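First comes the structure, then the notes that go with it.
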Amino acid sequence: MDHNGKPKANYEPGPDLMAKVVILAEGPRGTLAKQAIPKLGLDRDKDPMVYAVGIKELWQCKTGSVPAGLVIHTFGYPLPNETFGGGFIYGMAGDVLDIGLVTGLDYEDPTTDPHDNFQQYKLHPAIAKMLDGAKLLRYGAKAIPEGGLYAMPRNYASGLLITGDSAGFLNGMRLKGIHLALKSGMLAAEAAYEALEAGDTSSAGLASVEAKFKASWAYDELKVARNFHQGFKAGMWAGMLNAGLSMYAGGRAFGIRDRLPGEAGYARMKKLSERAPKAVEHRAKIDNVLTFDKLTDVFNSGTMHDEDQVAHLHVADTNICAERCTPEFGNPCQYFCPAKVYEPMFAKTSGDGDKEYDGRLQINFSNCVHCKTCDIMDPYQIITWVPPQGGEGPVYTGM
Ligand SMILES: Cc1cc2nc3c(=O)[nH]c(=O)nc-3n(C[C@H](O)[C@H](O)[C@H](O)COP(=O)(O)OP(=O)(O)OC[C@H]3O[C@@H](n4cnc5c(N)ncnc54)[C@H](O)[C@@H]3O)c2cc1C
Ligand code: SF4
């Protein structure tokens with residue numbers, strides 16, 4: 001379809017894929033899972049899923065400077081105490097450093113910019129030293145489902161199974177989800193196979209996937225980490241205390257409580273009238289050596305979208321952007337998007353030099369690196385990410 005939604009010469013209508021069992025494995029905030037979970041009530045009695053976004057780069061370092069297998073996890077810096085997150089530095093073969101920063105998508109300051117947080121992270125003297133003389137190879141960004149066991153939806157329904165990040169199979173304490181995505185896929189395959197053999201692919205027929213999960217090491221691992229992210233609601237030090245105590249108490253929060261309450265991350269964002277925005281005052285200086293602006297990083301993500309297509313980011317009502325979001329939150333989409341997709345257009349300038357919003361939200365959808373942050377963190381929940389045409393997007397080779 002062209003940018004007006006009109007069929008192009010190579011147009012072919014989408015086919016219906018008919019199957020007795022569909023297994024959704026779309027990664028975090030899956031397009032279909034996002035619709036199926038509330039529609040089928042799979043989130044009943046569950047906490048809202050909470051996410052973080054990881055901003056990551058690969059660097060080619062000096063020969064012999066990176067021990068392959070190096071693993072460093074850091075907490076806090078440069079994030080304020082109130083914001084969940086931390087960094088990771090992994091040594092890969094061939095002197096490649098894999099370095100990134102995770103920012104919790106339940107921050108309060110609406111001017112929080114995860115991409116900028118990562119630029120600041122690289123300026124820490126210890127990290128700057130590791131990257132001395134190194135060359136940036138690749139860039140990427142992606143959401144991480146951090147909510148844990150109590151935020152995981154029921155992952156089966158009639159003819160449906162959900163696996164991996166789409167169903168929240170991720171251990172936030174270890175920042176690891178690949179092994180859980182694999183395991184959940186194996187359990188889903190077993191449940192689907194047995195249901196097909198028995199000729200019953202209804203919800204009852206597929207329910208065995210839950211029993212299989214509860215009997216597996218994956219459940220034991222997620223149970224211990226079940227209150228990890230929630231413990232950071234009161235700040236980094238409280239979160240670390242909770243993480244330490246709960247490890248020795250089978251996952252009980254602060255060693256005593258079975259379940260800390262969960263809350264959707266976007267709902268924690270404070271209005272400009274409720275708190276002074278601080279993050280916007282401390283942005284990293286871009287030097288194009290260690291730190292890069294968002295557009296340079298988009299280039300390094302290999303992202304490609306044909307511009308002659310319907311934008312794959314749907315904003316339900318741009319009047320809300322202009323009339324409510326500007327005065328209430330200051331258009332946080334311009335900050336949380338790590339690819340400079342959202343640009344509120346400031347056309348008019350008042351007498352005292354202040355810029356005013358002219359009501360247009362420019363959506364540079366071809367920059368999108370598919371992280372899903374906007375779909376998750378928009379305070380009005382009016383942004384919907386849908387897949388663009390033909391598998392377009394970032395090229396995350398080696399990421
Ligand atoms: C910065 C960062 C660092 C991480 N570090 C680690 C780590 O060190 N170790 C670890 O174990 N885990 C790590 N994780 C987590 C790990 O990447 C995920 O848990 C894991 O990749 C989840 O696998 P998945 O198959 O469920 O989803 P994904 O790996 O996200 O795969 C889903 C796939 O589906 C595709 N897709 C989505 N929607 C559609 C659609 N509608 N149609 C067709 N295709 C679609 C996506 O493009 C994607 O290729 C990290 C995550 C991040 C963001
Ligand atoms: S538009 Fe949304 S999904 Fe795309 S890069 Fe920006 S925040 Fe991520």
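By order of appearance in the structure tokens: chains A, B, ..., then residues from 1 within every chain, and ligands from 1 in the order shown.
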
I'd like to know which residues of region 24-229 of chain A are strand (DSSP E or B) (by DSSP, run on the backbone); could you write them as a count of residues only? 51

Per-residue nearest contacts of chain A to ligand 2 (7 Å; only C-alpha atoms and all ligand atoms) as JSON lines:
```
{"residue": "A:Leu313", "atom": "CA", "partner": "ligand 2", "partner_atom_place_in_ligand_line": "1 (S)", "distance": 6.6}
{"residue": "A:Phe336", "atom": "CA", "partner": "ligand 2", "partner_atom_place_in_ligand_line": "7 (S)", "distance": 6.3}
{"residue": "A:Cys337", "atom": "CA", "partner": "ligand 2", "partner_atom_place_in_ligand_line": "7 (S)", "distance": 3.7}
{"residue": "A:Pro338", "atom": "CA", "partner": "ligand 2", "partner_atom_place_in_ligand_line": "5 (S)", "distance": 5.5}
{"residue": "A:Ala339", "atom": "CA", "partner": "ligand 2", "partner_atom_place_in_ligand_line": "5 (S)", "distance": 4.8}
{"residue": "A:Lys340", "atom": "CA", "partner": "ligand 2", "partner_atom_place_in_ligand_line": "6 (Fe)", "distance": 6.5}
{"residue": "A:Val341", "atom": "CA", "partner": "ligand 2", "partner_atom_place_in_ligand_line": "1 (S)", "distance": 5.1}
{"residue": "A:Tyr342", "atom": "CA", "partner": "ligand 2", "partner_atom_place_in_ligand_line": "1 (S)", "distance": 6.9}
{"residue": "A:Phe365", "atom": "CA", "partner": "ligand 2", "partner_atom_place_in_ligand_line": "1 (S)", "distance": 6.4}
{"residue": "A:Asn367", "atom": "CA", "partner": "ligand 2", "partner_atom_place_in_ligand_line": "5 (S)", "distance": 6.8}
{"residue": "A:Cys368", "atom": "CA", "partner": "ligand 2", "partner_atom_place_in_ligand_line": "4 (Fe)", "distance": 3.7}
{"residue": "A:Val369", "atom": "CA", "partner": "ligand 2", "partner_atom_place_in_ligand_line": "5 (S)", "distance": 4.2}
{"residue": "A:His370", "atom": "CA", "partner": "ligand 2", "partner_atom_place_in_ligand_line": "3 (S)", "distance": 4.1}
{"residue": "A:Cys371", "atom": "CA", "partner": "ligand 2", "partner_atom_place_in_ligand_line": "8 (Fe)", "distance": 3.9}
{"residue": "A:Lys372", "atom": "CA", "partner": "ligand 2", "partner_atom_place_in_ligand_line": "3 (S)", "distance": 3.7}
{"residue": "A:Thr373", "atom": "CA", "partner": "ligand 2", "partner_atom_place_in_ligand_line": "7 (S)", "distance": 4.2}
{"residue": "A:Cys374", "atom": "CA", "partner": "ligand 2", "partner_atom_place_in_ligand_line": "7 (S)", "distance": 4.1}
{"residue": "A:Asp375", "atom": "CA", "partner": "ligand 2", "partner_atom_place_in_ligand_line": "2 (Fe)", "distance": 6.3}
{"residue": "A:Trp385", "atom": "CA", "partner": "ligand 2", "partner_atom_place_in_ligand_line": "3 (S)", "distance": 6.5}
```

Restricting it to N, CA and C atoms, dump the selection as a PDB file, in the first residue's frame.
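Dumped to result13.pdb:
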```pdb
ATOM      1  N   LEU A 313       3.194   3.523  12.846  1.00  0.00           N
ATOM      2  CA  LEU A 313       2.940   4.028  14.209  1.00  0.00           C
ATOM      3  C   LEU A 313       1.637   4.806  14.164  1.00  0.00           C
ATOM      4  N   PHE A 336      11.395   9.867  24.987  1.00  0.00           N
ATOM      5  CA  PHE A 336      11.577   8.420  25.234  1.00  0.00           C
ATOM      6  C   PHE A 336      11.873   7.637  23.971  1.00  0.00           C
ATOM      7  N   CYS A 337      11.523   8.162  22.819  1.00  0.00           N
ATOM      8  CA  CYS A 337      11.836   7.426  21.582  1.00  0.00           C
ATOM      9  C   CYS A 337      13.337   7.518  21.310  1.00  0.00           C
ATOM     10  N   PRO A 338      14.024   6.374  21.193  1.00  0.00           N
ATOM     11  CA  PRO A 338      15.476   6.412  20.989  1.00  0.00           C
ATOM     12  C   PRO A 338      15.866   6.562  19.527  1.00  0.00           C
ATOM     13  N   ALA A 339      14.904   6.932  18.670  1.00  0.00           N
ATOM     14  CA  ALA A 339      15.215   7.024  17.242  1.00  0.00           C
ATOM     15  C   ALA A 339      14.689   8.328  16.623  1.00  0.00           C
ATOM     16  N   LYS A 340      14.331   9.267  17.444  1.00  0.00           N
ATOM     17  CA  LYS A 340      13.843  10.579  16.992  1.00  0.00           C
ATOM     18  C   LYS A 340      12.702  10.434  15.979  1.00  0.00           C
ATOM     19  N   VAL A 341      11.775   9.577  16.308  1.00  0.00           N
ATOM     20  CA  VAL A 341      10.626   9.392  15.425  1.00  0.00           C
ATOM     21  C   VAL A 341       9.600  10.510  15.638  1.00  0.00           C
ATOM     22  N   TYR A 342       9.402  10.887  16.892  1.00  0.00           N
ATOM     23  CA  TYR A 342       8.342  11.857  17.197  1.00  0.00           C
ATOM     24  C   TYR A 342       8.922  13.263  17.319  1.00  0.00           C
ATOM     25  N   PHE A 365       8.435   7.900  10.795  1.00  0.00           N
ATOM     26  CA  PHE A 365       8.334   6.464  11.074  1.00  0.00           C
ATOM     27  C   PHE A 365       9.485   5.658  10.479  1.00  0.00           C
ATOM     28  N   ASN A 367      12.507   6.100  10.745  1.00  0.00           N
ATOM     29  CA  ASN A 367      13.625   5.986  11.698  1.00  0.00           C
ATOM     30  C   ASN A 367      13.427   4.851  12.706  1.00  0.00           C
ATOM     31  N   CYS A 368      12.229   4.337  12.814  1.00  0.00           N
ATOM     32  CA  CYS A 368      11.847   3.483  13.952  1.00  0.00           C
ATOM     33  C   CYS A 368      12.719   2.225  14.058  1.00  0.00           C
ATOM     34  N   VAL A 369      13.281   2.013  15.249  1.00  0.00           N
ATOM     35  CA  VAL A 369      14.121   0.828  15.467  1.00  0.00           C
ATOM     36  C   VAL A 369      13.348  -0.304  16.173  1.00  0.00           C
ATOM     37  N   HIS A 370      12.027  -0.170  16.203  1.00  0.00           N
ATOM     38  CA  HIS A 370      11.138  -1.254  16.664  1.00  0.00           C
ATOM     39  C   HIS A 370      11.333  -1.615  18.136  1.00  0.00           C
ATOM     40  N   CYS A 371      11.595  -0.631  18.973  1.00  0.00           N
ATOM     41  CA  CYS A 371      11.821  -0.973  20.387  1.00  0.00           C
ATOM     42  C   CYS A 371      10.518  -1.130  21.160  1.00  0.00           C
ATOM     43  N   LYS A 372       9.425  -0.540  20.669  1.00  0.00           N
ATOM     44  CA  LYS A 372       8.084  -0.594  21.280  1.00  0.00           C
ATOM     45  C   LYS A 372       7.915   0.351  22.480  1.00  0.00           C
ATOM     46  N   THR A 373       8.908   1.187  22.756  1.00  0.00           N
ATOM     47  CA  THR A 373       8.811   2.071  23.927  1.00  0.00           C
ATOM     48  C   THR A 373       7.595   2.987  23.847  1.00  0.00           C
ATOM     49  N   CYS A 374       7.309   3.518  22.654  1.00  0.00           N
ATOM     50  CA  CYS A 374       6.192   4.471  22.541  1.00  0.00           C
ATOM     51  C   CYS A 374       4.867   3.791  22.840  1.00  0.00           C
ATOM     52  N   ASP A 375       4.697   2.577  22.363  1.00  0.00           N
ATOM     53  CA  ASP A 375       3.462   1.828  22.597  1.00  0.00           C
ATOM     54  C   ASP A 375       3.274   1.594  24.100  1.00  0.00           C
ATOM     55  N   TRP A 385       1.936   0.495  17.906  1.00  0.00           N
ATOM     56  CA  TRP A 385       2.958   0.054  16.945  1.00  0.00           C
ATOM     57  C   TRP A 385       2.396  -1.155  16.204  1.00  0.00           C
TER      58      TRP A 385
END
```

For Gly168 (chain A): contacts at 10 Å, only C-alpha atoms, fewer than 2 positions along chain excluded, given as a PyMOL selection string: chain A and resi 27-29+49-51+144-153+155+162-166+170-172+177+180-181

As a short mmCIF file (atom, residue, chain, number, x, y, z; two decimals) with C-alpha atoms, in the first residue's frame, list the residues of region 242-395 of chain A assigned to helix (DSSP H, G or I) by DSSP on the backbone atoms of this structure.
```
data_model
loop_
_atom_site.label_atom_id
_atom_site.label_comp_id
_atom_site.auth_asym_id
_atom_site.auth_seq_id
_atom_site.Cartn_x
_atom_site.Cartn_y
_atom_site.Cartn_z
CA ASN A 242 14.85 -6.22 48.47
CA ALA A 243 16.81 -8.12 45.81
CA GLY A 244 19.38 -9.26 48.36
CA LEU A 245 16.91 -10.27 51.07
CA SER A 246 14.49 -11.99 48.71
CA MET A 247 17.22 -14.18 47.28
CA GLY A 265 4.79 1.98 34.15
CA TYR A 266 3.21 4.80 32.14
CA ALA A 267 0.85 5.54 35.05
CA ARG A 268 3.83 6.50 37.22
CA ALA A 279 16.54 15.07 33.14
CA VAL A 280 16.22 17.64 30.38
CA GLU A 281 18.71 19.89 32.18
CA LYS A 294 19.83 9.65 17.82
CA LEU A 295 19.97 9.99 14.04
CA THR A 296 23.59 8.83 13.86
CA ASP A 297 22.63 5.86 15.99
CA VAL A 298 19.64 5.07 13.75
CA PHE A 299 22.08 4.92 10.83
CA ASN A 300 24.17 2.43 12.83
CA THR A 318 -3.22 13.87 17.75
CA ASN A 319 -5.50 16.48 19.35
CA ILE A 320 -4.57 14.86 22.67
CA CYS A 321 -0.89 15.43 21.82
CA ALA A 322 -1.45 19.13 21.23
CA GLU A 323 -4.16 19.99 23.69
CA ARG A 324 -3.41 17.75 26.66
CA CYS A 325 0.02 16.22 26.38
CA THR A 326 1.90 19.45 25.64
CA PRO A 327 0.74 21.28 28.78
CA GLU A 328 0.50 18.20 30.99
CA PHE A 329 3.65 16.21 30.17
CA CYS A 333 7.48 10.95 23.11
CA GLN A 334 10.19 13.31 21.83
CA TYR A 335 12.40 12.08 24.70
CA PHE A 336 11.58 8.42 25.23
CA PHE A 365 8.33 6.46 11.07
CA SER A 366 11.19 5.40 8.79
CA ASN A 367 13.63 5.99 11.70
CA THR A 373 8.81 2.07 23.93
CA CYS A 374 6.19 4.47 22.54
CA ASP A 375 3.46 1.83 22.60
CA ILE A 376 4.36 1.12 26.23
CA MET A 377 5.24 4.49 27.76
CA GLN A 389 5.48 -3.87 5.37
CA GLY A 390 7.58 -6.83 4.32
CA GLY A 391 9.82 -7.36 7.34
#
```

Could you give me, as a ChimeraX atom specification, the residues within 6 Å of Ser203 (chain A), counting only C-alpha atoms and dropping anything in the same chain fewer than 3 positions from it? /A:157-158,206-207

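Remark: for ligand 1, the closest of the candidate residues A:Val386, A:Leu105, A:Ala316, A:Ala284 is A:Val386 (distances computed over only C-alpha atoms and all ligand atoms).
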
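For the atom pair formed by atom 31 (O, counted along the ligand's line) of ligand 1 and CA of Gly54 (chain A), the distance is 14.6 Å, given to one decimal.
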
Smallest atom-to-atom distance to Gly255 (chain A): which of A:Phe292, A:Phe228, A:Trp237, A:Tyr11, using only C-alpha atoms? A:Phe228

Residues near Pro114 (chain A), anyone? I mean within 6 Å using only C-alpha atoms, not counting same-chain ones fewer than 2 positions away, as a PyMOL selection string. chain A and resi 103+116-117

If we count only C-alpha atoms and set the cut-off at 12 Å, which residues sit around Gly41 (chain A), ignoring sequence neighbours fewer than 5 positions away in its own chain? Please answer as a list of chain:residue names. A:Ala33, A:Lys34, A:Gln35, A:Ala36, A:Lys46, A:Pro153, A:Arg154, A:Asn155, A:Tyr156, A:Ala157

Counting only C-alpha atoms and all ligand atoms, which residue out of A:Pro125, A:Gly393, A:Gly262, A:Pro7 sits closest to ligand 1? A:Gly393

Nearest residue to ligand 1 out of A:Met18, A:Ala141, A:Val66, A:Leu260, using only C-alpha atoms and all ligand atoms? A:Ala141

Nearest candidate to Ala52 (chain A) (options A:Thr83, A:Thr201, A:Thr384, A:Gln120; using only C-alpha atoms):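 Among the listed residues, A:Thr83 lies closest to Ala52 (chain A).
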
One number please: atom 31 (O, counted along the ligand's line) of ligand 1 to CA of Ala25 (chain A), in Å, one decimal.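 CA of Ala25 (chain A) lies at a distance of 6.5 Å from atom 31 (O, counted along the ligand's line) of ligand 1.
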
Point out the residue among A:Glu57, A:Glu12, A:Asp106, A:Glu190 with the least atom-to-atom distance to ligand 1, counting only C-alpha atoms and all ligand atoms.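 Using only C-alpha atoms and all ligand atoms, ligand 1 sits closest to A:Glu57.
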